[in-house]
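Peer 1: Provided herewith: protein18.pdb, PDB, C-alpha atoms, pLDDT in the B column.
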```
ATOM      1  CA  MET A   1       6.149  -3.558 -10.114  1.00 32.00           C
ATOM      2  CA  ASP A   2       9.336  -2.504 -11.899  1.00 33.00           C
ATOM      3  CA  ASP A   3      11.980  -5.158 -12.549  1.00 29.00           C
ATOM      4  CA  ASP A   4      14.681  -3.103 -10.816  1.00 26.00           C
ATOM      5  CA  PHE A   5      12.406  -2.526  -7.842  1.00 24.00           C
ATOM      6  CA  CYS A   6      11.304  -6.021  -6.912  1.00 24.00           C
ATOM      7  CA  VAL A   7      12.257  -9.016  -9.023  1.00 23.00           C
ATOM      8  CA  ARG A   8       9.638 -11.768  -9.064  1.00 23.00           C
ATOM      9  CA  GLU A   9      10.951 -15.040  -7.681  1.00 26.00           C
ATOM     10  CA  HIS A  10       9.501 -18.529  -8.000  1.00 27.00           C
ATOM     11  CA  MET A  11       8.590 -19.705  -4.507  1.00 31.00           C
ATOM     12  CA  ALA A  12       7.713 -23.347  -5.195  1.00 29.00           C
ATOM     13  CA  GLY A  13       8.657 -25.591  -2.327  1.00 31.00           C
ATOM     14  CA  ALA A  14       8.972 -22.779   0.221  1.00 33.00           C
ATOM     15  CA  PRO A  15       7.396 -23.648   3.580  1.00 33.00           C
ATOM     16  CA  LEU A  16       4.579 -21.099   3.352  1.00 35.00           C
ATOM     17  CA  ALA A  17       1.551 -21.338   5.627  1.00 37.00           C
ATOM     18  CA  PRO A  18      -1.982 -21.201   4.190  1.00 36.00           C
ATOM     19  CA  GLU A  19      -3.232 -18.252   6.256  1.00 42.00           C
ATOM     20  CA  HIS A  20      -2.524 -15.806   9.034  1.00 39.00           C
ATOM     21  CA  THR A  21      -4.932 -15.874  11.990  1.00 39.00           C
ATOM     22  CA  VAL A  22      -5.007 -14.829  15.613  1.00 41.00           C
ATOM     23  CA  ALA A  23      -4.102 -18.419  16.475  1.00 42.00           C
ATOM     24  CA  THR A  24      -0.625 -17.875  15.060  1.00 48.00           C
ATOM     25  CA  THR A  25       0.351 -15.580  17.932  1.00 64.00           C
ATOM     26  CA  ALA A  26       1.754 -18.391  20.080  1.00 69.00           C
ATOM     27  CA  LEU A  27       3.572 -19.794  17.047  1.00 70.00           C
ATOM     28  CA  GLU A  28       5.080 -16.361  16.323  1.00 70.00           C
ATOM     29  CA  VAL A  29       6.435 -16.155  19.858  1.00 69.00           C
ATOM     30  CA  ALA A  30       7.814 -19.691  19.730  1.00 72.00           C
ATOM     31  CA  LEU A  31       9.495 -19.158  16.362  1.00 71.00           C
ATOM     32  CA  CYS A  32      11.082 -15.894  17.468  1.00 72.00           C
ATOM     33  CA  GLN A  33      12.500 -17.613  20.533  1.00 70.00           C
ATOM     34  CA  GLU A  34      13.757 -20.549  18.478  1.00 72.00           C
ATOM     35  CA  LEU A  35      15.335 -18.283  15.839  1.00 69.00           C
ATOM     36  CA  ASN A  36      16.656 -15.758  18.387  1.00 71.00           C
ATOM     37  CA  HIS A  37      14.662 -13.104  16.528  1.00 72.00           C
ATOM     38  CA  PRO A  38      13.192  -9.925  18.045  1.00 72.00           C
ATOM     39  CA  PRO A  39       9.468 -10.242  18.914  1.00 80.00           C
ATOM     40  CA  LEU A  40       7.078  -9.425  16.093  1.00 85.00           C
ATOM     41  CA  GLY A  41       4.718  -6.480  16.031  1.00 89.00           C
ATOM     42  CA  ALA A  42       1.358  -6.191  14.311  1.00 90.00           C
ATOM     43  CA  PHE A  43       0.656  -8.053  11.073  1.00 90.00           C
ATOM     44  CA  THR A  44       0.209  -5.364   8.408  1.00 93.00           C
ATOM     45  CA  GLU A  45      -0.828  -5.363   4.757  1.00 92.00           C
ATOM     46  CA  VAL A  46      -0.524  -2.354   2.447  1.00 93.00           C
ATOM     47  CA  PRO A  47      -0.904  -1.958  -1.320  1.00 93.00           C
ATOM     48  CA  ASP A  48       2.096  -1.583  -3.596  1.00 92.00           C
ATOM     49  CA  ARG A  49       1.990   2.108  -4.517  1.00 90.00           C
ATOM     50  CA  HIS A  50       4.718   3.809  -6.550  1.00 89.00           C
ATOM     51  CA  GLY A  51       5.698   7.345  -5.645  1.00 92.00           C
ATOM     52  CA  THR A  52       4.391   7.097  -2.085  1.00 94.00           C
ATOM     53  CA  VAL A  53       5.826   6.656   1.398  1.00 96.00           C
ATOM     54  CA  ILE A  54       5.278   2.917   0.954  1.00 96.00           C
ATOM     55  CA  GLU A  55       7.780   2.810  -1.914  1.00 96.00           C
ATOM     56  CA  LYS A  56      10.268   4.866   0.100  1.00 96.00           C
ATOM     57  CA  TRP A  57      10.268   2.092   2.693  1.00 97.00           C
ATOM     58  CA  THR A  58      10.216  -0.894   0.331  1.00 97.00           C
ATOM     59  CA  ARG A  59      13.241   0.368  -1.603  1.00 96.00           C
ATOM     60  CA  ARG A  60      15.321  -0.246   1.523  1.00 96.00           C
ATOM     61  CA  LEU A  61      14.249  -3.854   2.003  1.00 97.00           C
ATOM     62  CA  ALA A  62      16.828  -6.573   1.394  1.00 97.00           C
ATOM     63  CA  LYS A  63      15.823  -9.737  -0.444  1.00 96.00           C
ATOM     64  CA  SER A  64      15.880 -12.839   1.709  1.00 93.00           C
ATOM     65  CA  GLU A  65      15.451 -16.569   1.498  1.00 92.00           C
ATOM     66  CA  PRO A  66      12.052 -17.702   2.844  1.00 91.00           C
ATOM     67  CA  THR A  67      12.026 -18.303   6.591  1.00 88.00           C
ATOM     68  CA  PRO A  68       9.382 -19.669   8.977  1.00 86.00           C
ATOM     69  CA  LEU A  69       8.569 -16.065   9.883  1.00 87.00           C
ATOM     70  CA  HIS A  70       7.845 -15.258   6.234  1.00 90.00           C
ATOM     71  CA  ALA A  71       5.558 -18.291   6.157  1.00 86.00           C
ATOM     72  CA  LEU A  72       3.351 -16.666   8.777  1.00 85.00           C
ATOM     73  CA  LEU A  73       2.804 -13.683   6.479  1.00 88.00           C
ATOM     74  CA  VAL A  74       1.107 -15.728   3.764  1.00 85.00           C
ATOM     75  CA  THR A  75      -2.685 -15.358   3.803  1.00 71.00           C
ATOM     76  CA  ASP A  76      -5.235 -17.631   2.126  1.00 71.00           C
ATOM     77  CA  GLY A  77      -2.527 -19.405   0.136  1.00 75.00           C
ATOM     78  CA  SER A  78      -1.923 -16.305  -1.976  1.00 78.00           C
ATOM     79  CA  PRO A  79       1.162 -16.332  -4.246  1.00 86.00           C
ATOM     80  CA  VAL A  80       4.437 -14.731  -3.210  1.00 91.00           C
ATOM     81  CA  ASP A  81       6.748 -12.682  -5.421  1.00 92.00           C
ATOM     82  CA  ALA A  82       9.712 -12.528  -3.049  1.00 94.00           C
ATOM     83  CA  CYS A  83      10.716 -12.437   0.597  1.00 95.00           C
ATOM     84  CA  PHE A  84      12.497  -9.507   2.239  1.00 96.00           C
ATOM     85  CA  VAL A  85      13.903  -8.272   5.521  1.00 95.00           C
ATOM     86  CA  ASP A  86      14.110  -4.698   6.734  1.00 96.00           C
ATOM     87  CA  PRO A  87      17.870  -4.435   7.412  1.00 95.00           C
ATOM     88  CA  LEU A  88      17.349  -1.745  10.068  1.00 94.00           C
ATOM     89  CA  THR A  89      14.673  -3.464  12.174  1.00 93.00           C
ATOM     90  CA  GLY A  90      15.074  -7.116  11.198  1.00 91.00           C
ATOM     91  CA  MET A  91      11.347  -7.471  10.523  1.00 93.00           C
ATOM     92  CA  PRO A  92      10.273  -9.897   7.745  1.00 94.00           C
ATOM     93  CA  ALA A  93       8.241  -8.728   4.749  1.00 96.00           C
ATOM     94  CA  LEU A  94       7.019 -10.185   1.488  1.00 94.00           C
ATOM     95  CA  SER A  95       5.507  -8.975  -1.751  1.00 95.00           C
ATOM     96  CA  SER A  96       2.513 -10.624  -3.367  1.00 91.00           C
ATOM     97  CA  PRO A  97       0.933 -10.032  -6.782  1.00 89.00           C
ATOM     98  CA  ASP A  98      -2.510 -10.818  -5.358  1.00 76.00           C
ATOM     99  CA  GLY A  99      -3.623  -8.870  -2.306  1.00 69.00           C
ATOM    100  CA  ALA A 100      -7.025  -8.630  -0.679  1.00 66.00           C
ATOM    101  CA  ASP A 101      -8.274  -6.392  -3.501  1.00 69.00           C
ATOM    102  CA  GLY A 102      -6.596  -8.421  -6.234  1.00 72.00           C
ATOM    103  CA  ASN A 103      -3.754  -5.929  -6.643  1.00 82.00           C
ATOM    104  CA  PRO A 104      -0.045  -6.210  -5.694  1.00 90.00           C
ATOM    105  CA  THR A 105       0.509  -5.897  -1.981  1.00 93.00           C
ATOM    106  CA  TRP A 106       3.125  -5.918   0.769  1.00 95.00           C
ATOM    107  CA  ARG A 107       2.747  -7.875   3.996  1.00 94.00           C
ATOM    108  CA  PHE A 108       5.018  -7.391   6.973  1.00 95.00           C
ATOM    109  CA  TYR A 109       5.304  -7.298  10.722  1.00 93.00           C
ATOM    110  CA  ALA A 110       5.572  -3.887  12.322  1.00 94.00           C
ATOM    111  CA  PRO A 111       8.560  -3.417  14.632  1.00 94.00           C
ATOM    112  CA  LEU A 112       8.071  -3.008  18.373  1.00 92.00           C
ATOM    113  CA  SER A 113      10.637  -0.208  18.424  1.00 93.00           C
ATOM    114  CA  LEU A 114      12.789   1.773  15.996  1.00 95.00           C
ATOM    115  CA  PRO A 115      16.583   2.073  16.031  1.00 92.00           C
ATOM    116  CA  PRO A 116      17.242   5.559  17.501  1.00 80.00           C
ATOM    117  CA  GLY A 117      20.739   6.137  16.039  1.00 83.00           C
ATOM    118  CA  GLY A 118      20.822   9.778  17.105  1.00 88.00           C
ATOM    119  CA  GLU A 119      17.766  10.596  14.974  1.00 94.00           C
ATOM    120  CA  GLU A 120      14.424  12.106  15.861  1.00 96.00           C
ATOM    121  CA  LEU A 121      10.927  11.850  14.453  1.00 97.00           C
ATOM    122  CA  SER A 122      10.598  14.286  11.554  1.00 98.00           C
ATOM    123  CA  SER A 123       7.088  13.526  10.273  1.00 98.00           C
ATOM    124  CA  VAL A 124       4.190  11.081  10.396  1.00 97.00           C
ATOM    125  CA  THR A 125       2.349   9.947   7.265  1.00 96.00           C
ATOM    126  CA  LEU A 126      -1.117   8.373   7.472  1.00 94.00           C
ATOM    127  CA  TYR A 127      -1.440   6.131   4.436  1.00 93.00           C
ATOM    128  CA  HIS A 128      -2.872   2.612   4.845  1.00 92.00           C
ATOM    129  CA  THR A 129      -0.880   2.453   8.067  1.00 93.00           C
ATOM    130  CA  VAL A 130       1.175   4.921  10.104  1.00 95.00           C
ATOM    131  CA  TRP A 131       4.636   5.719   8.711  1.00 97.00           C
ATOM    132  CA  ILE A 132       7.514   7.449  10.481  1.00 98.00           C
ATOM    133  CA  THR A 133      10.097   9.563   8.645  1.00 97.00           C
ATOM    134  CA  THR A 134      13.207  10.396  10.648  1.00 97.00           C
ATOM    135  CA  SER A 135      15.492  13.419  10.611  1.00 96.00           C
ATOM    136  CA  ARG A 136      17.808  11.463   8.286  1.00 95.00           C
ATOM    137  CA  GLY A 137      15.015  10.696   5.854  1.00 96.00           C
ATOM    138  CA  ARG A 138      14.610   7.044   6.839  1.00 96.00           C
ATOM    139  CA  VAL A 139      11.078   5.648   6.618  1.00 97.00           C
ATOM    140  CA  TYR A 140       9.655   3.010   8.972  1.00 97.00           C
ATOM    141  CA  PRO A 141       6.261   1.527   9.708  1.00 97.00           C
ATOM    142  CA  ALA A 142       5.345   2.908  13.121  1.00 96.00           C
ATOM    143  CA  PRO A 143       5.948   0.526  16.039  1.00 94.00           C
ATOM    144  CA  CYS A 144       2.815  -1.411  16.934  1.00 92.00           C
ATOM    145  CA  GLY A 145       2.253  -4.329  19.288  1.00 87.00           C
ATOM    146  CA  SER A 146       0.902  -7.595  17.893  1.00 81.00           C
ATOM    147  CA  SER A 147      -2.466  -7.119  19.626  1.00 77.00           C
ATOM    148  CA  ALA A 148      -2.721  -3.367  18.993  1.00 80.00           C
ATOM    149  CA  GLN A 149      -4.039  -1.290  16.095  1.00 81.00           C
ATOM    150  CA  LEU A 150      -2.882   2.098  14.867  1.00 88.00           C
ATOM    151  CA  ALA A 151      -5.945   3.998  13.720  1.00 87.00           C
ATOM    152  CA  TRP A 152      -7.084   7.505  12.883  1.00 87.00           C
ATOM    153  CA  HIS A 153     -10.327   9.132  11.783  1.00 78.00           C
ATOM    154  CA  ARG A 154     -12.458   6.674   9.775  1.00 66.00           C
ATOM    155  CA  TRP A 155      -9.498   4.344   9.426  1.00 68.00           C
ATOM    156  CA  GLY A 156      -9.604   1.354  11.729  1.00 65.00           C
ATOM    157  CA  GLY A 157     -11.084   2.840  14.892  1.00 67.00           C
ATOM    158  CA  THR A 158     -10.153   5.423  17.497  1.00 77.00           C
ATOM    159  CA  PRO A 159      -6.792   7.237  17.344  1.00 89.00           C
ATOM    160  CA  GLY A 160      -5.835   6.913  21.024  1.00 89.00           C
ATOM    161  CA  GLN A 161      -3.152   4.246  20.550  1.00 89.00           C
ATOM    162  CA  THR A 162      -1.687   6.060  17.542  1.00 92.00           C
ATOM    163  CA  ALA A 163      -1.497   9.275  19.546  1.00 93.00           C
ATOM    164  CA  ALA A 164       0.214   7.508  22.458  1.00 92.00           C
ATOM    165  CA  VAL A 165       2.842   5.932  20.188  1.00 94.00           C
ATOM    166  CA  ILE A 166       3.622   9.182  18.356  1.00 95.00           C
ATOM    167  CA  ASP A 167       3.728  11.060  21.657  1.00 94.00           C
ATOM    168  CA  ALA A 168       6.436   8.664  22.892  1.00 94.00           C
ATOM    169  CA  LEU A 169       8.417   8.760  19.622  1.00 95.00           C
ATOM    170  CA  LEU A 170       8.518  12.557  19.644  1.00 95.00           C
ATOM    171  CA  ASP A 171      10.560  12.326  22.847  1.00 94.00           C
ATOM    172  CA  ASP A 172      12.513   9.154  22.055  1.00 94.00           C
ATOM    173  CA  LEU A 173      12.606   7.609  18.572  1.00 95.00           C
ATOM    174  CA  GLY A 174      13.696   4.318  20.123  1.00 94.00           C
ATOM    175  CA  ALA A 175      10.782   4.074  22.567  1.00 92.00           C
ATOM    176  CA  ALA A 176       9.330   0.554  22.783  1.00 89.00           C
ATOM    177  CA  VAL A 177       5.578   0.271  22.287  1.00 83.00           C
ATOM    178  CA  GLY A 178       5.339  -2.000  25.323  1.00 73.00           C
ATOM    179  CA  SER A 179       6.188   0.967  27.532  1.00 62.00           C
ATOM    180  CA  VAL A 180       3.742   3.345  25.834  1.00 65.00           C
ATOM    181  CA  GLY A 181       0.709   4.345  27.849  1.00 59.00           C
ATOM    182  CA  HIS A 182      -2.253   6.631  27.288  1.00 54.00           C
ATOM    183  CA  HIS A 183      -1.805   9.879  29.193  1.00 54.00           C
ATOM    184  CA  ALA A 184      -2.772  13.540  29.130  1.00 53.00           C
ATOM    185  CA  GLY A 185       0.129  14.534  26.880  1.00 56.00           C
ATOM    186  CA  ALA A 186      -1.370  12.567  23.987  1.00 83.00           C
ATOM    187  CA  ARG A 187      -4.852  14.106  24.097  1.00 88.00           C
ATOM    188  CA  GLY A 188      -3.997  16.875  21.654  1.00 91.00           C
ATOM    189  CA  LEU A 189      -2.482  14.361  19.239  1.00 93.00           C
ATOM    190  CA  SER A 190      -5.561  12.180  19.538  1.00 90.00           C
ATOM    191  CA  GLU A 191      -7.708  15.173  18.607  1.00 90.00           C
ATOM    192  CA  LEU A 192      -5.478  15.870  15.606  1.00 92.00           C
ATOM    193  CA  PHE A 193      -5.558  12.277  14.316  1.00 92.00           C
ATOM    194  CA  GLY A 194      -9.319  12.248  14.772  1.00 88.00           C
ATOM    195  CA  ARG A 195      -9.935  15.029  12.268  1.00 86.00           C
ATOM    196  CA  ASP A 196     -11.886  14.045   9.170  1.00 80.00           C
ATOM    197  CA  HIS A 197      -9.148  15.022   6.675  1.00 73.00           C
ATOM    198  CA  MET A 198      -6.588  12.666   8.196  1.00 72.00           C
ATOM    199  CA  TYR A 199      -5.843  10.324   5.307  1.00 78.00           C
ATOM    200  CA  CYS A 200      -2.966  10.323   2.834  1.00 86.00           C
ATOM    201  CA  VAL A 201      -1.453  13.233   4.738  1.00 92.00           C
ATOM    202  CA  GLU A 202       2.008  13.954   6.124  1.00 95.00           C
ATOM    203  CA  LEU A 203       2.224  15.779   9.458  1.00 96.00           C
ATOM    204  CA  GLY A 204       5.527  17.480  10.248  1.00 97.00           C
ATOM    205  CA  ARG A 205       7.210  17.531  13.648  1.00 97.00           C
ATOM    206  CA  ASP A 206       6.205  21.132  14.324  1.00 97.00           C
ATOM    207  CA  VAL A 207       2.530  20.327  13.688  1.00 96.00           C
ATOM    208  CA  LEU A 208       2.711  17.295  15.976  1.00 96.00           C
ATOM    209  CA  LEU A 209       4.424  19.204  18.774  1.00 96.00           C
ATOM    210  CA  GLU A 210       1.906  22.028  18.540  1.00 95.00           C
ATOM    211  CA  ALA A 211      -0.948  19.525  18.741  1.00 94.00           C
ATOM    212  CA  ARG A 212       0.635  17.840  21.758  1.00 91.00           C
ATOM    213  CA  ARG A 213       0.868  21.151  23.617  1.00 89.00           C
ATOM    214  CA  SER A 214      -2.866  21.664  23.306  1.00 82.00           C
ATOM    215  CA  PRO A 215      -5.294  19.091  24.804  1.00 62.00           C
ATOM    216  CA  THR A 216      -8.029  20.501  22.566  1.00 61.00           C
ATOM    217  CA  VAL A 217      -6.578  21.077  19.089  1.00 47.00           C
TER     218      VAL A 217
END
```
Please express the file's structure as structure tokens.
Peer 2:
Amino acid sequence: MDDDFCVREHMAGAPLAPEHTVATTALEVALCQELNHPPLGAFTEVPDRHGTVIEKWTRRLAKSEPTPLHALLVTDGSPVDACFVDPLTGMPALSSPDGADGNPTWRFYAPLSLPPGGEELSSVTLYHTVWITTSRGRVYPAPCGSSAQLAWHRWGGTPGQTAAVIDALLDDLGAAVGSVGHHAGARGLSELFGRDHMYCVELGRDVLLEARRSPTV
């Protein structure tokens, strides 16, 4: 990780939890209420990859002092380089030199909705998770509820939830995932995300709209 990209910080004494489990859900809710923080989406971990959509997002993150919400992101007592916040969604994130595969990684909570700001969804990138690029070039992790999973072919399960979320964002970038349901309009997108080449690929708005128009891509 380049020095001008993410400066390593000593985290001794920070109140970091030993692991992240399903049992933390109630604690997440309680902490968000106590801190007057927006509810947290899905816990997500991605590798630190230069020159990818992941780096496009991480370059926007603002360094932050450790908070109780950052503590929930620590897994198995792994070390922490630094804590961050996405200034556009408010979601906490952290960088670690030791991820699940022993390589540098990013851990964060997905947002439950994106700030619309007069923008629209420009493209979707499938790379370790689902990434949204807007018409202004801003990159976000796709909204995902804490108990949901965004998947595509051979990556985490069936693509139905991913298709439903993207279907909603095509109409309204600020759509909340809590209001997203599975319906006929997402069948074509589900077919598209289920194709066997769907990894490390960027799908433009035109491709997504064409898929949505056809229930059998």
Peer 1: Which of these residues is nearest to Ser64 (chain A), using all atoms listed in the file: A:Leu173, A:Leu40, A:Leu88, A:Leu94?
Peer 2: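 Distance minimum relative to Ser64 (chain A) lands on A:Leu94.
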Peer 1: Given the point (10.2, -18.1, 7.7) in the coordinates of this file, which residues lie within 12 Å, counting all atoms listed in the file, and how would they look as a ChimeraX atom specification?
Peer 2: /A:14-17,27-28,31-32,34-35,37,64-74,83-85,91-94,108
Peer 1: Please produce an output containing C-alpha atoms for each residue in the selection, written as a PDB file, in the coordinates of the input.
Peer 2:
```pdb
ATOM      1  CA  ALA A  14       8.972 -22.779   0.221  1.00 33.00           C
ATOM      2  CA  PRO A  15       7.396 -23.648   3.580  1.00 33.00           C
ATOM      3  CA  LEU A  16       4.579 -21.099   3.352  1.00 35.00           C
ATOM      4  CA  ALA A  17       1.551 -21.338   5.627  1.00 37.00           C
ATOM      5  CA  LEU A  27       3.572 -19.794  17.047  1.00 70.00           C
ATOM      6  CA  GLU A  28       5.080 -16.361  16.323  1.00 70.00           C
ATOM      7  CA  LEU A  31       9.495 -19.158  16.362  1.00 71.00           C
ATOM      8  CA  CYS A  32      11.082 -15.894  17.468  1.00 72.00           C
ATOM      9  CA  GLU A  34      13.757 -20.549  18.478  1.00 72.00           C
ATOM     10  CA  LEU A  35      15.335 -18.283  15.839  1.00 69.00           C
ATOM     11  CA  HIS A  37      14.662 -13.104  16.528  1.00 72.00           C
ATOM     12  CA  SER A  64      15.880 -12.839   1.709  1.00 93.00           C
ATOM     13  CA  GLU A  65      15.451 -16.569   1.498  1.00 92.00           C
ATOM     14  CA  PRO A  66      12.052 -17.702   2.844  1.00 91.00           C
ATOM     15  CA  THR A  67      12.026 -18.303   6.591  1.00 88.00           C
ATOM     16  CA  PRO A  68       9.382 -19.669   8.977  1.00 86.00           C
ATOM     17  CA  LEU A  69       8.569 -16.065   9.883  1.00 87.00           C
ATOM     18  CA  HIS A  70       7.845 -15.258   6.234  1.00 90.00           C
ATOM     19  CA  ALA A  71       5.558 -18.291   6.157  1.00 86.00           C
ATOM     20  CA  LEU A  72       3.351 -16.666   8.777  1.00 85.00           C
ATOM     21  CA  LEU A  73       2.804 -13.683   6.479  1.00 88.00           C
ATOM     22  CA  VAL A  74       1.107 -15.728   3.764  1.00 85.00           C
ATOM     23  CA  CYS A  83      10.716 -12.437   0.597  1.00 95.00           C
ATOM     24  CA  PHE A  84      12.497  -9.507   2.239  1.00 96.00           C
ATOM     25  CA  VAL A  85      13.903  -8.272   5.521  1.00 95.00           C
ATOM     26  CA  MET A  91      11.347  -7.471  10.523  1.00 93.00           C
ATOM     27  CA  PRO A  92      10.273  -9.897   7.745  1.00 94.00           C
ATOM     28  CA  ALA A  93       8.241  -8.728   4.749  1.00 96.00           C
ATOM     29  CA  LEU A  94       7.019 -10.185   1.488  1.00 94.00           C
ATOM     30  CA  PHE A 108       5.018  -7.391   6.973  1.00 95.00           C
TER      31      PHE A 108
END
```
Peer 1: Taking the file as I've supplied it (selection: the PyMOL selection byres ((chain A and resi 145-151) around 7)), which residues are included? Please answer as a list of chain:residue names.
Peer 2: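 Here the PyMOL selection byres ((chain A and resi 145-151) around 7) matches A:Leu40, A:Gly41, A:Ala42, A:Phe43, A:Leu112, A:Val130, A:Pro143, A:Cys144, A:Trp152, A:Trp155, A:Gly156, A:Gly157, A:Thr158, A:Pro159, A:Gln161, A:Thr162, A:Val177.
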Peer 1: When distances are computed from all atoms listed in the file, which of A:Gly174, A:Pro141, A:Gly77, A:Pro87 shows the smallest separation from Gly118 (chain A)?
Peer 2: A:Gly174
Peer 1: Just the number, please: distance in Å from CA of Leu169 (chain A) to CA of Asp196 (chain A), one decimal.
Peer 2: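 These atoms are spaced 23.4 Å apart.
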Peer 1: What gap, in Å, lies between CA of Ala164 (chain A) and CA of Trp57 (chain A)?
Peer 2: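 These two atoms are separated by 22.8 Å.
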Peer 1: Quick one: of A:Ala176, A:Leu114, A:Glu191, A:Tyr199, who's nearest to Val139 (chain A), counting only C-alpha atoms?
Peer 2: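 Going through A:Ala176, A:Leu114, A:Glu191, A:Tyr199 one by one, the smallest distance to Val139 (chain A) is for A:Leu114.
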Peer 1: Report, in Å to a single decimal, how far apart CA of Ala186 (chain A) and CA of Ser214 (chain A) are.
Peer 2: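 One can read the CA of Ser214 (chain A) to CA of Ala186 (chain A) distance as 9.2 Å.
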Peer 1: Evaluated on this file, the PyMOL selection byres ((chain A and resi 137) around 12) picks out some residues - which ones are they, written as a list in words?
Peer 2: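 Output from the PyMOL selection byres ((chain A and resi 137) around 12), applied to this file: Val53, Lys56, Trp57, Arg60, Glu119, Glu120, Leu121, Ser122, Ser123, Val124, Trp131, Ile132, Thr133, Thr134, Ser135, Arg136, Arg138, Val139 and Tyr140 of chain A.
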Peer 1: Care to translate the PyMOL selection byres ((chain A and resi 45-52) around 9) into actual residues of this file, as number ranges by chain?
Peer 2: A: 1, 43-44, 53-56, 95, 99-101, 103-109, 127-129
Peer 1: Let me have the centre and edge lengths in Å, one decimal, of the box along x, y and z around every listed atom of region 117-121 of chain A with 4 Å of margin on each side, as JSON.
Peer 2:
```
{"center_x": 15.9, "center_y": 9.1, "center_z": 15.8, "size_x": 17.9, "size_y": 14.0, "size_z": 10.7}
```
Peer 1: May I ask which of the residues A:Leu126, A:Leu61, A:Ala82, A:Ala110 is the closest one to His197 (chain A), counting only C-alpha atoms?
Peer 2: A:Leu126
Peer 1: Considering all atoms listed in the file, can you say which of A:Thr58, A:Thr125, A:Ser96, A:Ser190 comes closest to Pro79 (chain A)?
Peer 2: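 Checking each of A:Thr58, A:Thr125, A:Ser96, A:Ser190 against Pro79 (chain A), counting all atoms listed in the file, the winner is A:Ser96.
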